[in-house]
Each structure stands twice: as structure tokens, then as C-alpha cells.
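Peer 1: You'll find protein-v4.cif just under this line, and it carries mmCIF, C-alpha atoms and all ligand atoms.
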data_data
#
loop_
_atom_site.label_atom_id
_atom_site.label_comp_id
_atom_site.auth_asym_id
_atom_site.auth_seq_id
_atom_site.Cartn_x
_atom_site.Cartn_y
_atom_site.Cartn_z
CA MET S 1 25.23 20.65 -15.62
CA ASP S 2 27.76 19.07 -13.24
CA LYS S 3 27.08 21.11 -10.11
CA LEU S 4 25.99 19.25 -6.98
CA LEU S 5 22.45 19.66 -5.71
CA GLY S 6 23.79 21.49 -2.67
CA GLU S 7 25.33 24.12 -4.96
CA VAL S 8 22.28 24.47 -7.19
CA ASP S 9 19.51 24.32 -4.63
CA PRO S 10 20.41 24.40 -0.93
CA GLN S 11 16.75 25.01 -0.11
CA ILE S 12 15.73 21.60 -1.49
CA VAL S 13 18.70 19.95 0.23
CA GLU S 14 17.55 21.39 3.53
CA ILE S 15 14.00 20.08 3.05
CA VAL S 16 15.27 16.60 2.15
CA ALA S 17 17.68 16.60 5.10
CA ASN S 18 14.87 17.63 7.43
CA ASP S 19 12.68 14.81 6.22
CA LEU S 20 15.54 12.35 6.60
CA THR S 21 15.77 13.42 10.26
CA ARG S 22 12.00 13.05 10.63
CA GLN S 23 12.06 9.60 9.03
CA GLN S 24 14.95 8.56 11.29
CA ASN S 25 13.49 9.91 14.53
CA SER S 26 9.83 8.91 14.08
CA LEU S 27 7.98 5.66 14.42
CA MET S 28 6.52 5.52 10.92
CA LEU S 29 3.41 3.37 11.17
CA ILE S 30 1.50 4.21 8.00
CA PRO S 31 0.89 0.73 6.51
CA SER S 32 1.13 1.85 2.88
CA GLU S 33 4.60 3.37 3.29
CA ASN S 34 8.05 1.82 3.45
CA TYR S 35 11.76 2.63 3.32
CA ALA S 36 13.08 1.72 -0.12
CA SER S 37 16.54 0.18 -0.24
CA ARG S 38 19.66 2.11 -1.18
CA ALA S 39 19.87 0.14 -4.45
CA VAL S 40 16.29 1.06 -5.35
CA MET S 41 16.86 4.73 -4.57
CA GLU S 42 20.13 4.77 -6.50
CA THR S 43 18.38 3.36 -9.57
CA GLN S 44 15.60 5.92 -9.40
CA ALA S 45 18.16 8.70 -9.44
CA SER S 46 19.89 7.25 -12.52
CA ILE S 47 20.25 8.62 -16.05
CA LEU S 48 17.46 6.31 -17.22
CA ALA S 49 15.17 9.17 -16.20
CA ASN S 50 16.36 11.06 -19.28
CA LYS S 51 14.84 8.81 -21.91
CA TYR S 52 11.51 8.69 -23.70
CA ALA S 53 10.45 5.19 -24.69
CA GLU S 54 6.75 5.20 -25.62
CA GLY S 55 5.68 1.72 -26.60
CA TYR S 56 6.91 -1.63 -25.35
CA PRO S 57 10.23 -3.54 -25.65
CA GLY S 58 10.99 -4.08 -29.33
CA GLU S 59 8.19 -1.75 -30.46
CA ARG S 60 9.11 1.78 -29.41
CA TYR S 61 8.07 5.04 -30.98
CA TYR S 62 11.50 6.54 -30.16
CA ASN S 63 14.98 5.64 -31.28
CA GLY S 64 17.81 4.92 -28.87
CA CYS S 65 15.74 2.53 -26.75
CA GLU S 66 18.08 -0.48 -26.79
CA PHE S 67 18.81 -0.27 -23.06
CA MET S 68 15.26 0.77 -22.20
CA ASP S 69 14.12 -2.48 -23.81
CA GLU S 70 16.64 -4.40 -21.72
CA VAL S 71 15.58 -2.81 -18.48
CA GLU S 72 11.83 -3.12 -19.07
CA SER S 73 12.18 -6.75 -20.18
CA LEU S 74 14.19 -7.52 -17.06
CA ALA S 75 11.53 -5.95 -14.84
CA ILE S 76 8.81 -7.94 -16.61
CA GLU S 77 10.66 -11.26 -16.40
CA ARG S 78 11.52 -10.76 -12.73
CA ALA S 79 7.93 -9.85 -11.84
CA LYS S 80 6.62 -12.87 -13.74
CA ALA S 81 9.01 -15.16 -11.85
CA LEU S 82 8.34 -13.54 -8.47
CA PHE S 83 4.55 -13.83 -8.66
CA GLY S 84 4.26 -16.77 -11.09
CA VAL S 85 2.04 -14.89 -13.56
CA GLU S 86 1.66 -15.17 -17.32
CA HIS S 87 1.85 -11.49 -18.27
CA VAL S 88 3.03 -8.28 -16.61
CA ASN S 89 2.78 -4.63 -17.57
CA VAL S 90 5.24 -2.61 -15.48
CA GLN S 91 4.38 0.81 -16.92
CA PRO S 92 1.51 2.18 -14.76
CA HIS S 93 2.75 5.26 -12.95
CA ALA S 94 0.66 4.54 -9.85
CA GLY S 95 -1.97 2.23 -8.43
CA SER S 96 -4.90 4.39 -9.54
CA GLN S 97 -3.61 4.35 -13.12
CA ALA S 98 -3.24 0.57 -12.95
CA ASN S 99 -6.87 0.12 -11.86
CA MET S 100 -8.03 2.67 -14.42
CA ALA S 101 -6.23 0.73 -17.15
CA VAL S 102 -7.90 -2.53 -16.12
CA TYR S 103 -11.36 -0.95 -16.25
CA HIS S 104 -10.50 0.71 -19.56
CA ALA S 105 -9.33 -2.64 -20.96
CA LEU S 106 -12.19 -4.85 -19.82
CA LEU S 107 -15.26 -2.62 -19.37
CA GLU S 108 -17.45 -0.09 -21.16
CA PRO S 109 -18.49 3.09 -19.35
CA GLY S 110 -21.67 2.34 -17.42
CA ASP S 111 -20.76 -1.30 -16.74
CA THR S 112 -21.23 -2.48 -13.18
CA ILE S 113 -18.30 -2.95 -10.81
CA LEU S 114 -18.67 -4.59 -7.40
CA GLY S 115 -16.02 -3.10 -5.12
CA MET S 116 -15.36 -2.49 -1.46
CA SER S 117 -16.76 0.75 -0.15
CA LEU S 118 -14.07 3.32 0.72
CA SER S 119 -15.60 3.91 4.14
CA GLN S 120 -15.31 0.20 5.00
CA GLY S 121 -11.73 -0.28 3.84
CA GLY S 122 -11.75 -0.10 0.02
CA HIS S 123 -9.86 2.31 -2.22
CA LEU S 124 -10.97 5.42 -4.12
CA THR S 125 -10.64 3.52 -7.41
CA HIS S 126 -12.91 0.71 -6.23
CA GLY S 127 -15.93 2.89 -6.95
CA ALA S 128 -15.88 5.95 -4.68
CA ASN S 129 -18.28 8.57 -5.99
CA VAL S 130 -15.58 11.27 -5.83
CA ASN S 131 -13.35 9.20 -8.14
CA PHE S 132 -13.41 8.45 -11.89
CA SER S 133 -14.46 4.89 -11.01
CA GLY S 134 -17.66 6.08 -9.36
CA ASN S 135 -18.35 8.50 -12.20
CA PHE S 136 -17.77 6.36 -15.27
CA TYR S 137 -19.07 3.05 -13.97
CA ASN S 138 -22.13 1.81 -12.17
CA ILE S 139 -20.96 0.86 -8.70
CA ALA S 140 -22.30 -1.74 -6.32
CA ALA S 141 -20.46 -1.60 -3.01
CA TYR S 142 -19.75 -4.24 -0.42
CA GLY S 143 -18.49 -3.86 3.13
CA VAL S 144 -17.88 -6.01 6.15
CA ASP S 145 -20.34 -7.85 8.36
CA ALA S 146 -21.56 -5.55 11.16
CA GLU S 147 -20.85 -8.11 13.85
CA THR S 148 -17.64 -9.87 12.79
CA GLU S 149 -16.25 -6.86 10.87
CA ARG S 150 -15.00 -9.39 8.31
CA ILE S 151 -15.99 -9.89 4.71
CA ASP S 152 -18.89 -12.34 4.55
CA MET S 153 -18.66 -14.35 1.33
CA GLU S 154 -22.34 -15.33 1.45
CA GLU S 155 -23.23 -11.65 1.50
CA ILE S 156 -20.84 -10.99 -1.40
CA ALA S 157 -22.46 -13.83 -3.39
CA CYS S 158 -25.93 -12.29 -2.76
CA LEU S 159 -24.73 -8.83 -3.85
CA ALA S 160 -23.17 -10.29 -6.98
CA GLU S 161 -26.38 -12.13 -7.81
CA GLN S 162 -28.41 -8.95 -7.25
CA HIS S 163 -26.18 -6.54 -9.23
CA ARG S 164 -24.66 -8.90 -11.85
CA PRO S 165 -21.34 -6.97 -12.05
CA ARG S 166 -19.11 -7.27 -15.08
CA LEU S 167 -16.08 -6.94 -12.82
CA ILE S 168 -15.52 -7.66 -9.13
CA VAL S 169 -12.67 -6.00 -7.25
CA VAL S 170 -11.23 -7.81 -4.27
CA GLY S 171 -8.75 -5.75 -2.30
CA ALA S 172 -8.57 -3.04 0.32
CA THR S 173 -6.52 -0.37 1.99
CA ALA S 174 -7.77 -0.92 5.53
CA TYR S 175 -8.79 -4.54 5.98
CA PRO S 176 -6.74 -6.46 8.56
CA ARG S 177 -7.74 -9.96 7.48
CA HIS S 178 -6.83 -12.41 4.71
CA PHE S 179 -8.71 -12.54 1.44
CA ASP S 180 -10.00 -15.97 0.42
CA PHE S 181 -9.35 -15.55 -3.31
CA ALA S 182 -10.73 -19.02 -4.16
CA ALA S 183 -14.10 -18.02 -2.71
CA TRP S 184 -14.04 -14.76 -4.71
CA ARG S 185 -13.39 -16.74 -7.90
CA GLN S 186 -16.48 -18.85 -7.21
CA VAL S 187 -18.62 -15.73 -6.81
CA ALA S 188 -17.21 -14.20 -10.01
CA ASP S 189 -17.82 -17.42 -11.95
CA ALA S 190 -21.38 -17.67 -10.69
CA VAL S 191 -22.23 -14.32 -12.34
CA GLY S 192 -19.76 -14.38 -15.24
CA ALA S 193 -17.69 -11.46 -13.90
CA TYR S 194 -14.01 -10.68 -14.27
CA LEU S 195 -12.12 -10.92 -10.99
CA LEU S 196 -9.61 -8.15 -10.29
CA ALA S 197 -7.41 -8.56 -7.21
CA ASP S 198 -5.95 -5.24 -6.08
CA ILE S 199 -3.10 -6.42 -3.88
CA ALA S 200 -1.37 -3.05 -3.45
CA HIS S 201 -1.17 -3.40 0.33
CA ILE S 202 -0.34 -7.08 0.51
CA ALA S 203 1.88 -7.68 -2.55
CA GLY S 204 4.98 -8.14 -0.39
CA LEU S 205 3.16 -10.53 1.92
CA ILE S 206 2.03 -12.57 -1.10
CA ALA S 207 5.52 -12.62 -2.65
CA GLY S 208 6.84 -13.59 0.78
CA GLY S 209 4.38 -16.47 1.08
CA VAL S 210 2.56 -15.15 4.16
CA HIS S 211 -0.78 -14.29 2.55
CA PRO S 212 -3.00 -16.48 0.29
CA ASP S 213 -2.06 -16.16 -3.37
CA PRO S 214 -4.55 -14.63 -5.85
CA VAL S 215 -2.67 -15.81 -8.95
CA PRO S 216 -4.59 -19.06 -9.51
CA TYR S 217 -7.92 -17.25 -9.16
CA ALA S 218 -7.83 -13.66 -10.43
CA ASP S 219 -8.08 -12.70 -14.11
CA VAL S 220 -6.11 -9.55 -13.43
CA ILE S 221 -4.01 -8.39 -10.47
CA THR S 222 -2.92 -4.82 -9.82
CA THR S 223 -0.41 -3.62 -7.29
CA THR S 224 1.68 -0.68 -6.34
CA THR S 225 5.34 -1.47 -5.85
CA HIS S 226 6.24 0.74 -2.89
CA LYS S 227 4.21 -0.64 0.01
CA THR S 228 4.99 -4.05 1.56
CA LEU S 229 6.82 -4.88 -1.69
CA ARG S 230 9.37 -2.18 -0.73
CA GLY S 231 10.23 -0.97 -4.21
CA PRO S 232 10.01 2.49 -5.77
CA ARG S 233 6.73 4.37 -6.08
CA GLY S 234 4.82 2.96 -9.03
CA ALA S 235 2.55 0.12 -10.03
CA MET S 236 2.08 -2.85 -12.30
CA ILE S 237 -0.64 -5.04 -13.76
CA MET S 238 -0.39 -8.83 -13.87
CA CYS S 239 -2.84 -10.92 -15.86
CA LYS S 240 -3.58 -14.11 -17.66
CA ALA S 241 -2.08 -14.21 -21.17
CA GLU S 242 -5.51 -13.91 -22.78
CA TYR S 243 -5.89 -10.33 -21.45
CA ALA S 244 -2.32 -9.24 -22.21
CA ASP S 245 -3.00 -7.26 -25.40
CA LYS S 246 -6.04 -5.48 -24.01
CA ILE S 247 -4.21 -4.52 -20.82
CA ASP S 248 -1.11 -3.32 -22.68
CA ARG S 249 -3.16 -1.23 -25.11
CA ALA S 250 -5.15 0.28 -22.24
CA VAL S 251 -1.95 1.43 -20.48
CA PHE S 252 -0.25 2.69 -23.67
CA PRO S 253 -1.54 4.37 -25.75
CA GLY S 254 -4.89 4.24 -23.91
CA LEU S 255 -4.01 6.16 -20.77
CA GLN S 256 -0.31 6.93 -20.57
CA GLY S 257 2.46 8.21 -22.79
CA GLY S 258 6.12 7.65 -21.98
CA PRO S 259 6.91 5.12 -19.25
CA PHE S 260 9.22 6.19 -16.41
CA LEU S 261 12.13 3.86 -17.14
CA HIS S 262 14.14 4.94 -14.10
CA THR S 263 11.37 3.73 -11.80
CA ILE S 264 10.78 0.65 -13.94
CA ALA S 265 14.49 -0.16 -13.51
CA ALA S 266 14.10 0.41 -9.77
CA ARG S 267 11.12 -1.98 -9.82
CA ALA S 268 13.39 -4.58 -11.44
CA VAL S 269 15.85 -4.08 -8.58
CA ALA S 270 13.07 -4.43 -6.00
CA PHE S 271 11.83 -7.66 -7.63
CA LYS S 272 15.37 -9.04 -7.42
CA GLU S 273 15.52 -8.08 -3.73
CA ALA S 274 12.10 -9.67 -3.17
CA SER S 275 13.26 -12.97 -4.62
CA ASP S 276 15.95 -13.29 -1.94
CA PRO S 277 15.13 -15.71 0.94
CA ASP S 278 15.65 -12.81 3.36
CA PHE S 279 12.58 -11.14 1.89
CA LYS S 280 10.41 -14.07 3.04
CA ARG S 281 11.80 -13.70 6.56
CA TYR S 282 11.15 -9.97 6.41
CA GLN S 283 7.53 -10.43 5.33
CA ALA S 284 6.95 -13.05 8.04
CA GLN S 285 8.36 -10.60 10.59
CA ILE S 286 6.00 -7.83 9.39
CA VAL S 287 3.07 -10.12 10.24
CA LYS S 288 4.58 -11.30 13.55
CA ASN S 289 5.15 -7.68 14.51
CA ALA S 290 1.60 -6.70 13.57
CA LYS S 291 0.21 -9.53 15.71
CA ALA S 292 2.45 -8.57 18.65
CA LEU S 293 1.49 -4.89 18.34
CA ALA S 294 -2.20 -5.77 18.08
CA ALA S 295 -2.01 -8.04 21.13
CA ARG S 296 -0.35 -5.37 23.28
CA LEU S 297 -2.75 -2.63 22.15
CA THR S 298 -5.62 -4.93 23.06
CA GLU S 299 -4.06 -5.62 26.49
CA ASN S 300 -3.79 -1.87 26.90
CA GLY S 301 -7.55 -1.53 26.45
CA PHE S 302 -7.96 -0.65 22.76
CA ARG S 303 -10.60 -2.34 20.64
CA LEU S 304 -9.28 -3.44 17.26
CA VAL S 305 -11.65 -3.79 14.33
CA SER S 306 -12.36 -7.53 13.82
CA GLY S 307 -10.40 -8.24 17.00
CA GLY S 308 -6.89 -8.23 15.56
CA THR S 309 -4.95 -8.78 12.37
CA ASP S 310 -3.73 -11.42 9.93
CA ASN S 311 -1.59 -9.08 7.87
CA HIS S 312 0.55 -5.95 8.18
CA LEU S 313 -2.07 -3.55 9.56
CA MET S 314 -4.70 -3.02 12.20
CA LEU S 315 -7.48 -0.55 12.81
CA ILE S 316 -8.05 0.90 16.26
CA ASP S 317 -11.66 1.79 17.04
CA LEU S 318 -11.20 4.76 19.37
CA THR S 319 -14.86 5.04 20.30
CA THR S 320 -14.81 2.38 23.00
CA LYS S 321 -11.85 3.83 24.93
CA TYR S 322 -12.22 7.56 24.22
CA GLU S 323 -15.70 8.40 23.06
CA LYS S 324 -14.91 12.04 22.29
CA LEU S 325 -11.51 11.59 20.65
CA SER S 326 -11.60 11.48 16.84
CA GLY S 327 -9.07 9.67 14.67
CA ARG S 328 -7.85 13.00 13.40
CA GLN S 329 -7.17 14.35 16.89
CA ALA S 330 -5.55 11.10 18.00
CA ALA S 331 -3.24 11.02 14.96
CA ASP S 332 -2.20 14.63 15.65
CA HIS S 333 -1.46 13.86 19.31
CA LEU S 334 0.62 10.87 18.24
CA GLU S 335 2.54 13.02 15.77
CA ASP S 336 3.41 15.33 18.68
CA ALA S 337 5.12 12.30 20.22
CA GLY S 338 6.93 11.32 17.00
CA ILE S 339 4.49 8.52 16.10
CA ILE S 340 3.06 8.75 12.58
CA VAL S 341 -0.22 6.95 11.87
CA ASN S 342 -3.28 7.51 9.67
CA LYS S 343 -6.65 8.61 10.85
CA ASN S 344 -9.05 6.15 9.22
CA THR S 345 -12.74 5.42 9.11
CA ILE S 346 -13.81 2.27 10.88
CA PRO S 347 -16.68 0.16 9.53
CA PHE S 348 -20.03 1.94 10.13
CA ASP S 349 -18.17 5.03 11.34
CA LYS S 350 -20.41 7.83 12.55
CA ARG S 351 -17.75 10.45 11.85
CA LYS S 352 -16.79 11.84 8.45
CA PRO S 353 -13.68 10.70 6.48
CA ARG S 354 -11.75 13.85 7.41
CA THR S 355 -12.42 13.26 11.10
CA THR S 356 -12.95 9.49 11.58
CA SER S 357 -13.18 7.34 14.69
CA GLY S 358 -10.23 5.14 13.91
CA LEU S 359 -6.49 4.85 13.46
CA ARG S 360 -4.80 2.70 10.83
CA ILE S 361 -1.48 1.34 11.99
CA GLY S 362 1.01 -0.85 10.11
CA THR S 363 4.33 -2.53 10.77
CA PRO S 364 6.20 -2.58 7.39
CA MET S 365 8.48 0.40 8.10
CA ILE S 366 9.45 -0.44 11.65
CA THR S 367 10.11 -4.02 10.51
CA THR S 368 12.31 -2.75 7.68
CA ARG S 369 14.45 -0.93 10.22
CA GLY S 370 14.89 -4.16 12.20
CA MET S 371 12.38 -3.91 15.04
CA ALA S 372 10.83 -7.14 16.30
CA GLU S 373 8.29 -8.35 18.85
CA ASP S 374 10.03 -6.82 21.91
CA GLU S 375 9.96 -3.39 20.32
CA MET S 376 6.26 -3.80 19.48
CA ILE S 377 5.51 -3.80 23.22
CA LEU S 378 7.30 -0.46 23.52
CA VAL S 379 5.55 0.96 20.44
CA ALA S 380 2.11 -0.06 21.76
CA ASP S 381 2.91 1.43 25.15
CA PHE S 382 4.12 4.71 23.58
CA ILE S 383 0.84 4.95 21.65
CA THR S 384 -1.17 4.22 24.79
CA GLU S 385 0.76 6.63 27.01
CA THR S 386 0.48 9.41 24.43
CA LEU S 387 -3.27 9.08 24.04
CA GLU S 388 -3.78 8.77 27.81
CA ASN S 389 -1.81 11.99 28.31
CA ARG S 390 -2.89 13.74 25.15
CA GLN S 391 -3.57 17.08 26.84
CA LYS S 392 -0.16 17.12 28.55
CA ALA S 393 2.43 18.64 26.23
CA ALA S 394 5.35 17.91 28.58
CA ILE S 395 4.55 14.18 28.69
CA LYS S 396 4.19 14.07 24.91
CA ARG S 397 7.63 15.71 24.64
CA GLN S 398 9.09 13.07 27.00
CA ILE S 399 7.59 10.28 24.89
CA ARG S 400 9.00 11.92 21.78
CA GLU S 401 12.47 11.68 23.34
CA LYS S 402 11.92 8.00 24.17
CA VAL S 403 10.72 7.38 20.61
CA LYS S 404 13.87 9.06 19.31
CA GLU S 405 16.06 6.90 21.57
CA LEU S 406 14.34 3.73 20.34
CA CYS S 407 14.68 4.84 16.72
CA ALA S 408 18.38 5.60 17.26
CA GLN S 409 18.92 1.88 17.92
CA PHE S 410 17.48 1.11 14.45
CA PRO S 411 19.12 3.58 12.07
CA ILE S 412 17.98 4.15 8.52
CA TYR S 413 20.07 5.36 5.57
CA ASP S 414 23.30 5.79 7.58
CA PHE S 415 25.12 6.30 4.28
CA LEU S 416 23.24 9.53 3.54
CA SER S 417 24.66 12.85 4.67
CA TYR S 418 23.37 16.27 3.74
N1 LIG W 501 -3.25 5.65 -0.51
C1 LIG W 501 -2.93 4.28 -0.26
C2 LIG W 501 -3.04 3.93 1.18
O1 LIG W 501 -2.55 4.69 1.99
O2 LIG W 501 -3.56 2.89 1.53
C3 LIG W 501 -3.70 3.37 -1.11
O3 LIG W 501 -3.36 3.59 -2.42
#
Could you express the structure from this file as C-alpha cells?
Peer 2:
Amino acid sequence: MDKLLGEVDPQIVEIVANDLTRQQNSLMLIPSENYASRAVMETQASILANKYAEGYPGERYYNGCEFMDEVESLAIERAKALFGVEHVNVQPHAGSQANMAVYHALLEPGDTILGMSLSQGGHLTHGANVNFSGNFYNIAAYGVDAETERIDMEEIACLAEQHRPRLIVVGATAYPRHFDFAAWRQVADAVGAYLLADIAHIAGLIAGGVHPDPVPYADVITTTTHKTLRGPRGAMIMCKAEYADKIDRAVFPGLQGGPFLHTIAARAVAFKEASDPDFKRYQAQIVKNAKALAARLTENGFRLVSGGTDNHLMLIDLTTKYEKLSGRQAADHLEDAGIIVNKNTIPFDKRKPRTTSGLRIGTPMITTRGMAEDEMILVADFITETLENRQKAAIKRQIREKVKELCAQFPIYDFLSY
């Protein structure tokens, strides 16, 4: 029981050590990922993982939950203070479970949901036909305007009028612009729909005050806690007090059993970190970096969907610069050079989701490691040089070395040694 991991399982240690090296030496530009803090990681590896605590603070189905109650209550109170919401459920294991719980709480199977189409920037759980949401509910999908590549609220109002949804989801995984939550509230009110804001990508930006706030407008808000919010993997649901019981019952016992108290404790730690003034500066820098990266990529001849970004991510439309290069191929070439991005569909993409014509690029991780606007010029130029020389393995190897040198100036997890 008291042997070190290295004694029990050197194979796993080697895999973890290899990924630490990869995370240190790569430019990690996937906008939904982040480096959690040491304190968050330490909490996740704590003995709290050993305890079952089905139920909620003060009403558990297991004995011995005194400290579980303390930790869950702390996470709830900190989340309420951070976002200024009336009620929080910190138990959903992941973002999909959080959205599932909201639908389970507020809808009947067959009810209509208006959500953003996956191919235009939405999420699987916003109604994709390969997902439970598209199977159990009647889905009406919205996208972006073909010309501006931005959400057109007049179009959304027309769709809502036409489909009369019971619930409208505002939120995305690949939309580089702000959401005007007040306008979404008006549309929801006009048709008597619930408004769900899925802020998984932008929760950190909202907590940091650099994105409009959905709290005054949404009935329910879901988020993961590991993206811009920089906590452990997991999710939570925030809502007005009037929906609290329904939401709580939908999570447990509706969909989940025992909560993962070690990650809930780590969420509490992340919420404490996010309430520090430094977190606001960090979130502002994520956006400044995204704007700087977008500007340099544009100077270098790339077309960005909607012309740029207001948040932490951007979408490159590869078709205008390299007609024959798919997002998948481009992402693989970039990986050869130590640059990790997502292939991603662009609005009205002619290629399939596994191939795509776009790249999704985000700045949370490189901002976490301390990079700023000057480094964004280098990052944009590395991306450009790699794609220009994509058939030349030797040049990609040279860029990989330069990427490694840049990353060496911004170390991560120096305290870890395997
Ligand atoms: N899979 C996440 C993303 O990468 O955006 C969304 O949950």
C-alpha cells in the first residue's frame, strides 16, 4: 500500500514522464485545454478520492461524509461568489453530463431544443444527431451568417418563432466572437423558452471580466472547469434558485451516483485561484494574445473565420491559402513541428468532420506558461513556416527545435521529476 508509483508501475511512470516532456516542449494551442496549477493537481491526487458520498451536503446516503460535506459546500460557495449565481451543482463529471442533466431537469423527451449546429461551432450535446441530445429531443439548429460568419440575432429570432423551442442553448466550441446574452434572453422570452448558456469555453473569460456575463440573462448555465477556468477536469451547473431542486435531482439520483469529491475539492481550489486579481490579468492576457496571434496570422496571409477573434480562439480557413490542404493534414504537419492544434470544420465546410478545412487555435495554455504578444508573433510565424514547408521534413525538424527553444524559456511544472 505504501510503495511509490515508480516501484509499482514503472510503465505508467514512463508514459506520464513522456507526456510531461511533450507538454513542456510543444506549443499547445488546443483552446479547450489548459495546464492546471500544482495546487489543483495536488488536490486531485488526494485521499478524498477514496470516499463515496452519494447525495448532497447534509443529506448523504453514506456515513463518514463530514469532510465531504465541508469540501462540497466550500466548492459551491466559492463558485456562487465567483460567478454571482444563486445556485450551483458541482457534481457533474463532465460537460456532457452537465448538459444532459439540464435537459433531463427541464424537458421531456421529444421537446424541441434550439442549439448551434456542431458543424458551425456548436457542441455534440447541443443537438448533434450522433449524440443523445439529437436522439432524445427534437432539434432545431442554428449557425452563423454566411457572409459575416457571426451569429445573426434576427435569424435566431426567426428560427425560434418558427420552431418554438422549449429550450435554447447559447454556447459553442468554435466561435471566436462574443455572445450577446441579453439579446438571447429577448429571443427566449419571445417564445417562452428556457435559456441555457453553455460557457464551457469562456467560463474563465467571464470570471475574469473579459467576456459579457450570462448570469443576469440565462436560466441555467453549464460549464466545464478545466478550460479557460484552469481547474481540474469536470463540470458544474449554475442556475436561478427556482430551478435548484430540479437540477440537483437530475444530477443525483437522475443521472449520476457518487460524486468525485477529489475533483470537487480541486474545483474549490481552482475557484479560489480564479478569485485572485491575478486571474483577471491572466484572462485579459489570453484575449490580448489571441488578438495578437490572429493579427499576425492574417498578415501572413491566412483568412480567419469572421476576420479575427474577441475571445481565446480563432479558426483558420485553409481553403483560401492552400486549396488542397485539409485541416487534418495541416494539424498533422504542425504536430511534426511540435505545434498542437485541432483540425476543425469551418462554417459551410465542404469537407467532412474527420477531414475539415479549418484549424482551431487557442491561447489559454501558452498564456498560462507566461507567453505574451511578442511570442505570439513567433508562434504565428512558426505555424506559417511549417505549413509553407509542409513537405520538407528537415525544415519541420528545424522548426521543432526552435519551438523547443521557445518553450524552454517558459517552463511548466518544474517541480515534477520522474
Ligand atoms: N471537446 C471540447 C472542445 O474541445 O471544445 C468541448 O467539450
Peer 1: When you count only C-alpha atoms, which of these residues is closest to Glu77 of chain S: S:Ala45, S:Leu205, S:Met238, S:Leu261?
Peer 2: S:Met238
Peer 1: Would you mind listing the residues within 9 Å of ligand LIG 501 (chain W), counting only C-alpha atoms and all ligand atoms, as a list in words?
Peer 2: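 With only C-alpha atoms and all ligand atoms and a cut-off of 9 Å, ligand LIG 501 (chain W) is contacted by Ile30, Pro31, Ser32, Glu33, Ala94, Gly95, Ser96, Gly122, His123, Leu124, Thr125, Ala172, Thr173, Ala174, Ala200, His201, Thr224, Lys227 and Asn342 of chain S.
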Peer 1: For the selection you just gave me, I'd like the residues written to a file as a PDB file, in the coordinates of the input, keeping C-alpha atoms.
Peer 2:
ATOM      1  CA  ILE S  30       1.500   4.210   8.000  1.00  0.00           C
ATOM      2  CA  PRO S  31       0.890   0.730   6.510  1.00  0.00           C
ATOM      3  CA  SER S  32       1.130   1.850   2.880  1.00  0.00           C
ATOM      4  CA  GLU S  33       4.600   3.370   3.290  1.00  0.00           C
ATOM      5  CA  ALA S  94       0.660   4.540  -9.850  1.00  0.00           C
ATOM      6  CA  GLY S  95      -1.970   2.230  -8.430  1.00  0.00           C
ATOM      7  CA  SER S  96      -4.900   4.390  -9.540  1.00  0.00           C
ATOM      8  CA  GLY S 122     -11.750  -0.100   0.020  1.00  0.00           C
ATOM      9  CA  HIS S 123      -9.860   2.310  -2.220  1.00  0.00           C
ATOM     10  CA  LEU S 124     -10.970   5.420  -4.120  1.00  0.00           C
ATOM     11  CA  THR S 125     -10.640   3.520  -7.410  1.00  0.00           C
ATOM     12  CA  ALA S 172      -8.570  -3.040   0.320  1.00  0.00           C
ATOM     13  CA  THR S 173      -6.520  -0.370   1.990  1.00  0.00           C
ATOM     14  CA  ALA S 174      -7.770  -0.920   5.530  1.00  0.00           C
ATOM     15  CA  ALA S 200      -1.370  -3.050  -3.450  1.00  0.00           C
ATOM     16  CA  HIS S 201      -1.170  -3.400   0.330  1.00  0.00           C
ATOM     17  CA  THR S 224       1.680  -0.680  -6.340  1.00  0.00           C
ATOM     18  CA  LYS S 227       4.210  -0.640   0.010  1.00  0.00           C
ATOM     19  CA  ASN S 342      -3.280   7.510   9.670  1.00  0.00           C
TER      20      ASN S 342
END
Peer 1: For Ala190 of chain S, list every protein, DNA or RNA residue within 9 Å, evaluated using only C-alpha atoms, and leave out those in the same chain fewer than 5 positions away; present the list as a list in words.
Peer 2: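 Returned residues: Ala157, Ala160, Glu161 and Arg185 of chain S.
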Peer 1: I want to know what sits within 12 Å of Lys350 of chain S, based on all atoms listed in the file, with residues of the same chain fewer than 4 positions away left out; could you give that as a list in words?
Peer 2: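 Listed by chain and then number, they are Ser119, Gln120, Asp317, Leu318, Thr319, Glu323, Lys324, Ser326, Gly327, Asn344, Thr345, Ile346, Arg354, Thr355, Thr356, Ser357 and Gly358 of chain S.
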Peer 1: So how many Å separate atom CA of Leu82 of chain S and atom CA of Gly58 of chain S, to one decimal?
Peer 2: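 Separation between atom CA of Leu82 of chain S and atom CA of Gly58 of chain S: 23.1 Å.
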Peer 1: Within 12 Å of Ala218 of chain S, counting only C-alpha atoms, which residues show up once you throw out same-chain ones fewer than 3 positions away? Write them as a PyMOL selection string, please.
Peer 2: chain S and resi 85-86+167-171+179-189+193-199+213-215+221-222+237-240+243
Peer 1: Of the candidates S:Thr21, S:Gln44, S:Gln283, S:Thr309, which one gets nearest to Gly234 of chain S if we count only C-alpha atoms?
Peer 2: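 Residue with the minimum atom-to-atom distance to Gly234 of chain S: S:Gln44.
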Peer 1: Which residue, S:Leu229, S:Leu325, S:Ala101, S:Ile395, has the smallest gap to Ala244 of chain S when you use all atoms listed in the file?
Peer 2: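 Of the candidates, the smallest distance to Ala244 of chain S is held by S:Ala101.
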Peer 1: By how many Å are atom CA of Ala266 of chain S and atom CA of Val71 of chain S apart?
Peer 2: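 Atom CA of Ala266 of chain S sits 9.4 Å away from atom CA of Val71 of chain S.
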Peer 1: For Val144 of chain S, which of S:Glu299, S:Arg177, S:Ile399, S:Arg164 is the closest residue, counting all atoms listed in the file?
Peer 2: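 Nearest to Val144 of chain S: S:Arg177.
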Peer 1: What's around Pro232 of chain S at 7 Å? Count all atoms listed in the file, leave out sequence neighbours fewer than 6 positions away in its own chain, and write the answer as an MDAnalysis selection string.
Peer 2: chainID S and resid 36 40 225:226 263 266:267
Peer 1: Given the choices S:Lys352, S:Arg400, S:His178, S:Lys392, which gets closest to Ser306 of chain S if the distance is worked out from only C-alpha atoms?
Peer 2: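 For Ser306 of chain S, the nearest of the given residues is S:His178.
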Peer 1: For a test of reading the model, state the distance in Å between atom CA of Ala49 of chain S and atom CA of Phe260 of chain S, rounded to one decimal.
Peer 2: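 Taking atom CA of Ala49 of chain S and atom CA of Phe260 of chain S, their separation equals 6.7 Å.
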Peer 1: As a ChimeraX atom specification, please: the residues near Thr368 of chain S (cut-off 9 Å, all atoms listed in the file, same-chain neighbours under 5 positions excluded).
Peer 2: /S:34-35,230,282,286,363,412
Peer 1: Store the residues picked out above, limited to C-alpha atoms, as a JSON list (two decimals), in the frame of the given file.
Peer 2:
[["chain", "number", "residue", "atom", "x", "y", "z"],
["S", 34, "ASN", "CA", 8.05, 1.82, 3.45],
["S", 35, "TYR", "CA", 11.76, 2.63, 3.32],
["S", 230, "ARG", "CA", 9.37, -2.18, -0.73],
["S", 282, "TYR", "CA", 11.15, -9.97, 6.41],
["S", 286, "ILE", "CA", 6.00, -7.83, 9.39],
["S", 363, "THR", "CA", 4.33, -2.53, 10.77],
["S", 412, "ILE", "CA", 17.98, 4.15, 8.52]]
Peer 1: Determine the nearest neighbour of His126 of chain S from the options S:Pro109, S:Arg369, S:Pro364, S:Met100, counting all atoms listed in the file.
Peer 2: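 Looking at the shortest contact to His126 of chain S, the residue is S:Met100.
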